[in-house]
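Chemist: I'd like to ask some things about the structure below.
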Amino acid sequence: MFHHKVLTAAPNREWVVLLHGLGGSSSIWYKQVDAYAGEFNVLLVDLYGHGKTGETLPEYSFAEMGREVFRVMDHLGIESAHLVGISFGSVLAKIMCVMAPERARSLVLGGGVTGIDFRSRFLLNLGKLLRFVMPYMWLYRLFALIMMPRRRHAKSRGIFVREAKKLGRSEFQKWYRLIQTFPGFSRELCRDLRQTPVPKLFISGSEDYLFCDKVRAYVRTDPAARLHVIEKCGHVCNIERPLEFNAISLRYMMGSSAAWPVIHAGRPESFAPAGALIRHSPLTIGH
(Lines give C-alpha, C1' and ligand atoms only; values in the text may rest on other atoms or scores of the structure.)
Protein backbone atom coordinates (compact mmCIF):
# COMPACT_ATOMS: atom_id res chain seq x y z
CA MET A 1 0.00 0.00 0.00
CA PHE A 2 1.18 3.52 -0.73
CA HIS A 3 2.62 5.37 2.24
CA HIS A 4 0.06 7.98 3.20
CA LYS A 5 -0.61 10.76 5.66
CA VAL A 6 -4.01 11.92 6.90
CA LEU A 7 -5.05 15.31 8.25
CA THR A 8 -8.56 15.08 9.70
CA ALA A 9 -10.41 18.34 10.27
CA ALA A 10 -13.78 16.80 11.19
CA PRO A 11 -15.45 13.45 10.49
CA ASN A 12 -18.28 15.03 8.47
CA ARG A 13 -16.08 17.10 6.17
CA GLU A 14 -15.34 16.21 2.57
CA TRP A 15 -11.98 14.74 1.59
CA VAL A 16 -9.22 16.03 -0.66
CA VAL A 17 -6.67 13.57 -2.05
CA LEU A 18 -3.34 15.10 -3.13
CA LEU A 19 -1.43 13.36 -5.94
CA HIS A 20 2.15 14.35 -6.71
CA GLY A 21 4.08 14.19 -9.98
CA LEU A 22 6.84 11.97 -11.33
CA GLY A 23 10.00 12.42 -9.30
CA GLY A 24 8.17 14.29 -6.54
CA SER A 25 6.51 13.14 -3.33
CA SER A 26 3.69 14.20 -1.05
CA SER A 27 6.07 16.83 0.36
CA ILE A 28 5.54 19.02 -2.73
CA TRP A 29 2.12 19.97 -1.30
CA TYR A 30 3.68 21.79 1.66
CA LYS A 31 2.19 25.10 0.49
CA GLN A 32 -1.33 23.65 0.19
CA VAL A 33 -1.71 21.46 3.27
CA ASP A 34 -2.57 24.15 5.83
CA ALA A 35 -5.00 25.94 3.50
CA TYR A 36 -6.79 22.73 2.54
CA ALA A 37 -6.84 21.29 6.06
CA GLY A 38 -8.79 24.34 7.21
CA GLU A 39 -11.74 23.30 5.04
CA PHE A 40 -11.34 19.58 4.25
CA ASN A 41 -9.98 16.32 5.50
CA VAL A 42 -6.75 15.75 3.57
CA LEU A 43 -5.08 12.56 2.32
CA LEU A 44 -1.53 12.68 0.92
CA VAL A 45 0.02 9.65 -0.78
CA ASP A 46 3.49 8.75 -2.05
CA LEU A 47 3.46 6.76 -5.29
CA TYR A 48 5.56 3.64 -5.88
CA GLY A 49 9.25 4.34 -5.33
CA HIS A 50 8.58 7.94 -4.26
CA GLY A 51 8.80 9.60 -0.87
CA LYS A 52 8.32 7.07 1.92
CA THR A 53 6.72 4.34 -0.19
CA GLY A 54 9.30 1.59 -0.25
CA GLU A 55 7.02 -0.87 -2.05
CA THR A 56 7.60 -1.29 -5.79
CA LEU A 57 6.37 -3.51 -8.62
CA PRO A 58 8.35 -5.20 -11.43
CA GLU A 59 6.57 -2.93 -13.93
CA TYR A 60 4.03 -0.15 -13.56
CA SER A 61 0.73 0.57 -15.26
CA PHE A 62 -1.51 3.61 -15.18
CA ALA A 63 -4.49 1.53 -14.02
CA GLU A 64 -2.52 -0.02 -11.15
CA MET A 65 -1.62 3.46 -9.88
CA GLY A 66 -5.29 4.38 -9.75
CA ARG A 67 -6.28 1.12 -8.08
CA GLU A 68 -3.63 1.58 -5.40
CA VAL A 69 -4.89 5.06 -4.46
CA PHE A 70 -8.40 3.61 -4.22
CA ARG A 71 -7.02 0.90 -1.92
CA VAL A 72 -5.73 3.57 0.43
CA MET A 73 -9.09 5.36 0.30
CA ASP A 74 -10.91 2.09 1.01
CA HIS A 75 -8.54 1.35 3.89
CA LEU A 76 -9.47 4.72 5.42
CA GLY A 77 -13.18 4.45 4.65
CA ILE A 78 -13.16 7.35 2.17
CA GLU A 79 -16.04 6.87 -0.27
CA SER A 80 -15.37 9.92 -2.44
CA ALA A 81 -13.02 12.88 -2.57
CA HIS A 82 -11.86 15.89 -4.53
CA LEU A 83 -8.80 14.72 -6.48
CA VAL A 84 -6.02 17.31 -6.75
CA GLY A 85 -3.01 16.44 -8.89
CA ILE A 86 0.09 18.19 -10.17
CA SER A 87 1.80 17.17 -13.44
CA PHE A 88 1.68 13.33 -13.57
CA GLY A 89 -0.62 13.54 -10.53
CA SER A 90 -3.15 15.28 -12.79
CA VAL A 91 -3.01 12.26 -15.13
CA LEU A 92 -3.57 9.94 -12.18
CA ALA A 93 -6.56 12.00 -11.02
CA LYS A 94 -8.10 11.68 -14.50
CA ILE A 95 -7.48 7.94 -14.54
CA MET A 96 -9.23 7.56 -11.18
CA CYS A 97 -12.14 9.67 -12.40
CA VAL A 98 -12.62 7.45 -15.46
CA MET A 99 -12.28 4.27 -13.37
CA ALA A 100 -14.84 5.35 -10.75
CA PRO A 101 -16.47 8.72 -11.51
CA GLU A 102 -18.82 8.34 -8.55
CA ARG A 103 -15.81 8.57 -6.22
CA ALA A 104 -14.53 11.87 -7.66
CA ARG A 105 -16.32 14.95 -6.35
CA SER A 106 -14.22 17.18 -8.56
CA LEU A 107 -10.81 17.28 -10.22
CA VAL A 108 -8.27 20.07 -9.75
CA LEU A 109 -5.50 19.51 -12.28
CA GLY A 110 -2.41 21.63 -11.72
CA GLY A 111 0.16 21.67 -14.50
CA GLY A 112 -2.31 19.46 -16.34
CA VAL A 113 -1.10 17.03 -18.98
CA THR A 114 -3.70 16.08 -21.61
CA GLY A 115 -1.33 15.13 -24.42
CA ILE A 116 2.10 15.85 -25.81
CA ASP A 117 3.28 17.99 -28.72
CA PHE A 118 6.22 17.44 -31.05
CA ARG A 119 8.65 18.89 -28.47
CA SER A 120 7.55 16.49 -25.75
CA ARG A 121 7.60 13.59 -28.19
CA PHE A 122 11.16 14.51 -29.19
CA LEU A 123 12.20 14.56 -25.52
CA LEU A 124 10.67 11.14 -24.90
CA ASN A 125 12.50 9.68 -27.88
CA LEU A 126 15.74 11.38 -26.87
CA GLY A 127 15.42 10.00 -23.36
CA LYS A 128 14.77 6.53 -24.75
CA LEU A 129 18.22 6.65 -26.37
CA LEU A 130 20.11 8.39 -23.59
CA ARG A 131 18.72 6.63 -20.50
CA PHE A 132 21.08 3.68 -20.98
CA VAL A 133 24.25 5.74 -21.38
CA MET A 134 23.58 8.86 -19.31
CA PRO A 135 23.20 8.96 -15.50
CA TYR A 136 19.49 9.19 -14.85
CA MET A 137 19.84 12.38 -12.80
CA TRP A 138 21.55 14.12 -15.72
CA LEU A 139 18.60 13.16 -17.86
CA TYR A 140 16.09 14.23 -15.22
CA ARG A 141 17.83 17.59 -14.77
CA LEU A 142 17.75 18.11 -18.53
CA PHE A 143 14.03 17.39 -18.70
CA ALA A 144 13.36 19.61 -15.67
CA LEU A 145 15.27 22.48 -17.26
CA ILE A 146 13.37 22.16 -20.54
CA MET A 147 10.00 21.97 -18.75
CA MET A 148 10.82 24.77 -16.29
CA PRO A 149 13.41 26.94 -18.07
CA ARG A 150 13.01 30.39 -16.52
CA ARG A 151 14.78 31.78 -13.48
CA ARG A 152 11.50 32.10 -11.61
CA HIS A 153 10.95 28.34 -12.14
CA ALA A 154 14.19 27.54 -10.31
CA LYS A 155 12.57 26.74 -6.95
CA SER A 156 10.14 24.23 -8.48
CA ARG A 157 12.90 22.75 -10.58
CA GLY A 158 15.17 22.37 -7.57
CA ILE A 159 12.52 20.66 -5.44
CA PHE A 160 11.72 18.09 -8.11
CA VAL A 161 15.39 17.38 -8.81
CA ARG A 162 16.00 16.93 -5.09
CA GLU A 163 13.09 14.50 -4.73
CA ALA A 164 14.03 12.61 -7.90
CA LYS A 165 17.40 11.70 -6.39
CA LYS A 166 15.52 9.40 -4.03
CA LEU A 167 14.10 7.34 -6.93
CA GLY A 168 17.27 5.57 -7.97
CA ARG A 169 18.13 4.42 -11.48
CA SER A 170 16.04 1.23 -11.47
CA GLU A 171 12.86 3.03 -10.40
CA PHE A 172 13.49 5.83 -12.88
CA GLN A 173 13.79 3.28 -15.70
CA LYS A 174 10.47 1.64 -14.78
CA TRP A 175 8.66 4.97 -14.58
CA TYR A 176 10.21 6.08 -17.85
CA ARG A 177 8.94 2.96 -19.60
CA LEU A 178 5.46 3.79 -18.31
CA ILE A 179 5.64 7.42 -19.46
CA GLN A 180 6.69 6.27 -22.94
CA THR A 181 3.25 4.67 -23.34
CA PHE A 182 1.48 7.92 -22.47
CA PRO A 183 1.04 9.44 -25.98
CA GLY A 184 -1.28 6.67 -27.14
CA PHE A 185 -2.86 6.17 -23.73
CA SER A 186 -3.66 9.89 -23.36
CA ARG A 187 -5.95 9.92 -26.40
CA GLU A 188 -8.10 7.15 -24.95
CA LEU A 189 -8.03 8.72 -21.50
CA CYS A 190 -9.20 12.12 -22.77
CA ARG A 191 -11.93 10.48 -24.84
CA ASP A 192 -13.27 8.64 -21.79
CA LEU A 193 -12.84 11.64 -19.50
CA ARG A 194 -15.09 13.77 -21.71
CA GLN A 195 -17.90 11.33 -21.00
CA THR A 196 -17.81 11.98 -17.25
CA PRO A 197 -19.85 14.85 -15.78
CA VAL A 198 -17.38 15.33 -12.91
CA PRO A 199 -16.35 19.03 -12.63
CA LYS A 200 -12.77 19.54 -13.75
CA LEU A 201 -10.63 22.61 -13.15
CA PHE A 202 -7.27 22.87 -14.89
CA ILE A 203 -4.82 25.36 -13.38
CA SER A 204 -1.88 26.02 -15.69
CA GLY A 205 0.93 28.53 -15.82
CA SER A 206 1.18 30.76 -18.88
CA GLU A 207 4.81 29.62 -19.11
CA ASP A 208 3.95 25.90 -19.09
CA TYR A 209 5.27 25.71 -22.63
CA LEU A 210 5.01 21.97 -23.19
CA PHE A 211 1.47 21.36 -21.97
CA CYS A 212 -0.71 24.48 -21.68
CA ASP A 213 -1.77 24.59 -25.35
CA LYS A 214 -2.91 20.97 -25.22
CA VAL A 215 -4.92 21.74 -22.08
CA ARG A 216 -6.61 24.67 -23.84
CA ALA A 217 -7.57 22.40 -26.72
CA TYR A 218 -9.01 19.78 -24.37
CA VAL A 219 -11.05 22.26 -22.33
CA ARG A 220 -12.83 23.44 -25.48
CA THR A 221 -14.15 19.91 -26.00
CA ASP A 222 -15.29 19.01 -22.47
CA PRO A 223 -18.43 20.74 -21.18
CA ALA A 224 -17.47 19.92 -17.58
CA ALA A 225 -13.96 21.40 -17.78
CA ARG A 226 -12.59 24.88 -17.04
CA LEU A 227 -9.14 26.40 -17.25
CA HIS A 228 -7.53 29.03 -15.06
CA VAL A 229 -4.21 30.38 -16.36
CA ILE A 230 -1.75 31.91 -13.91
CA GLU A 231 0.36 34.57 -15.59
CA LYS A 232 4.17 34.44 -15.43
CA CYS A 233 4.07 30.97 -13.95
CA GLY A 234 5.50 27.66 -15.11
CA HIS A 235 4.53 24.00 -14.91
CA VAL A 236 4.55 23.46 -11.13
CA CYS A 237 2.06 26.21 -10.34
CA ASN A 238 1.21 24.99 -6.82
CA ILE A 239 4.78 25.82 -5.74
CA GLU A 240 5.44 28.89 -7.87
CA ARG A 241 2.16 30.68 -7.10
CA PRO A 242 0.67 28.95 -4.06
CA LEU A 243 -1.64 31.74 -2.89
CA GLU A 244 -3.42 31.93 -6.23
CA PHE A 245 -3.44 28.17 -6.66
CA ASN A 246 -4.92 27.70 -3.18
CA ALA A 247 -7.57 30.40 -3.51
CA ILE A 248 -8.76 29.24 -6.93
CA SER A 249 -8.77 25.54 -6.10
CA LEU A 250 -10.50 26.02 -2.75
CA ARG A 251 -13.16 28.21 -4.29
CA TYR A 252 -13.79 25.57 -6.93
CA MET A 253 -13.94 22.62 -4.55
CA MET A 254 -16.14 24.46 -2.07
CA GLY A 255 -18.99 24.74 -4.53
CA SER A 256 -18.37 27.57 -6.96
CA SER A 257 -17.75 25.33 -9.96
CA ALA A 258 -21.35 25.63 -11.17
CA ALA A 259 -20.99 29.34 -11.94
CA TRP A 260 -17.41 30.02 -12.93
CA PRO A 261 -16.64 33.35 -14.62
CA VAL A 262 -14.91 33.67 -17.95
CA ILE A 263 -12.42 36.51 -18.15
CA HIS A 264 -10.38 37.22 -21.26
CA ALA A 265 -7.40 39.59 -21.15
CA GLY A 266 -8.60 41.00 -17.84
CA ARG A 267 -12.07 41.93 -19.18
CA PRO A 268 -14.93 40.18 -17.34
CA GLU A 269 -17.42 38.35 -19.52
CA SER A 270 -20.71 36.79 -18.48
CA PHE A 271 -20.86 33.75 -16.28
CA ALA A 272 -20.59 30.86 -18.68
CA PRO A 273 -21.45 27.21 -18.78
CA ALA A 274 -18.56 24.83 -18.65
CA GLY A 275 -15.91 24.41 -21.32
CA ALA A 276 -14.62 27.93 -20.78
CA LEU A 277 -11.11 29.31 -20.79
CA ILE A 278 -10.24 31.50 -17.81
CA ARG A 279 -7.29 33.86 -17.95
CA HIS A 280 -7.54 35.42 -14.51
CA SER A 281 -9.70 35.10 -11.45
CA PRO A 282 -11.89 38.00 -10.32
CA LEU A 283 -10.44 37.45 -6.86
CA THR A 284 -7.75 39.83 -5.69
CA ILE A 285 -4.95 37.50 -4.70
CA GLY A 286 -1.52 38.32 -3.35
CA HIS A 287 1.60 36.54 -4.56
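Simple scheme: letters A, B, ... for chains in C-alpha coordinates order, numbers from 1 for residues in each chain, numbers from 1 for ligands in the order shown.
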DSSP says helix (DSSP H, G or I) for which residues of stretch 1-228 of chain A? Put them as a PyMOL selection string?
Modeler: chain A and resi 26-29+33-37+62-76+88-99+101-103+118-130+136-147+151-164+169-180+182-193+212-219
Chemist: Sorted by chain and rising residue number, which residues of stretch 56-78 of chain A lie within 7 Å of stretch 172-193 of chain A, and what are their closest atom pairs and distances in Å to one decimal, counting only C-alpha atoms, as CSV?
Modeler:
```
residue,atom,partner,partner_atom,distance
A:Glu59,CA,A:Lys174,CA,6.1
A:Tyr60,CA,A:Leu178,CA,6.3
A:Ser61,CA,A:Leu178,CA,6.5
```
Chemist: What does the distance from atom CA of A:Met147 to atom CA of A:Gly66 come to in Å, to one decimal?
Modeler: 25.0 Å
Chemist: Taking only C-alpha atoms into account, name the residue in A:Arg105, A:Arg71, A:Lys232, A:His3 that is nearest to A:Met148.
Modeler: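 Of all the options, A:Lys232 lies closest to A:Met148.
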Chemist: What is the distance, in Å and to one decimal place, between atom CA of A:Val72 and atom CA of A:Gly85?
Modeler: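 Distance reported for this atom pair: 16.1 Å.
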Chemist: Apply DSSP to the structure's backbone, then extract all residues of stretch 93-182 of chain A labelled strand (DSSP E or B) and return them as a list in words.
Modeler: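 Reading the DSSP output for stretch 93-182 of chain A, strand (DSSP E or B) covers Ala104, Arg105, Ser106, Leu107, Val108, Leu109 and Gly110 of chain A.
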Chemist: What separation in Å, quoted to one decimal, exists between atom CA of A:Ala247 and atom CA of A:Glu207?
Modeler: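 Interatomic distance here is 19.9 Å.
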Chemist: With distances taken over only C-alpha atoms, which residue among A:Pro58, A:His228, A:Tyr252, A:Pro242 lies nearest A:Tyr30?
Modeler: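 Going through A:Pro58, A:His228, A:Tyr252, A:Pro242 one by one, the smallest distance to A:Tyr30 is for A:Pro242.
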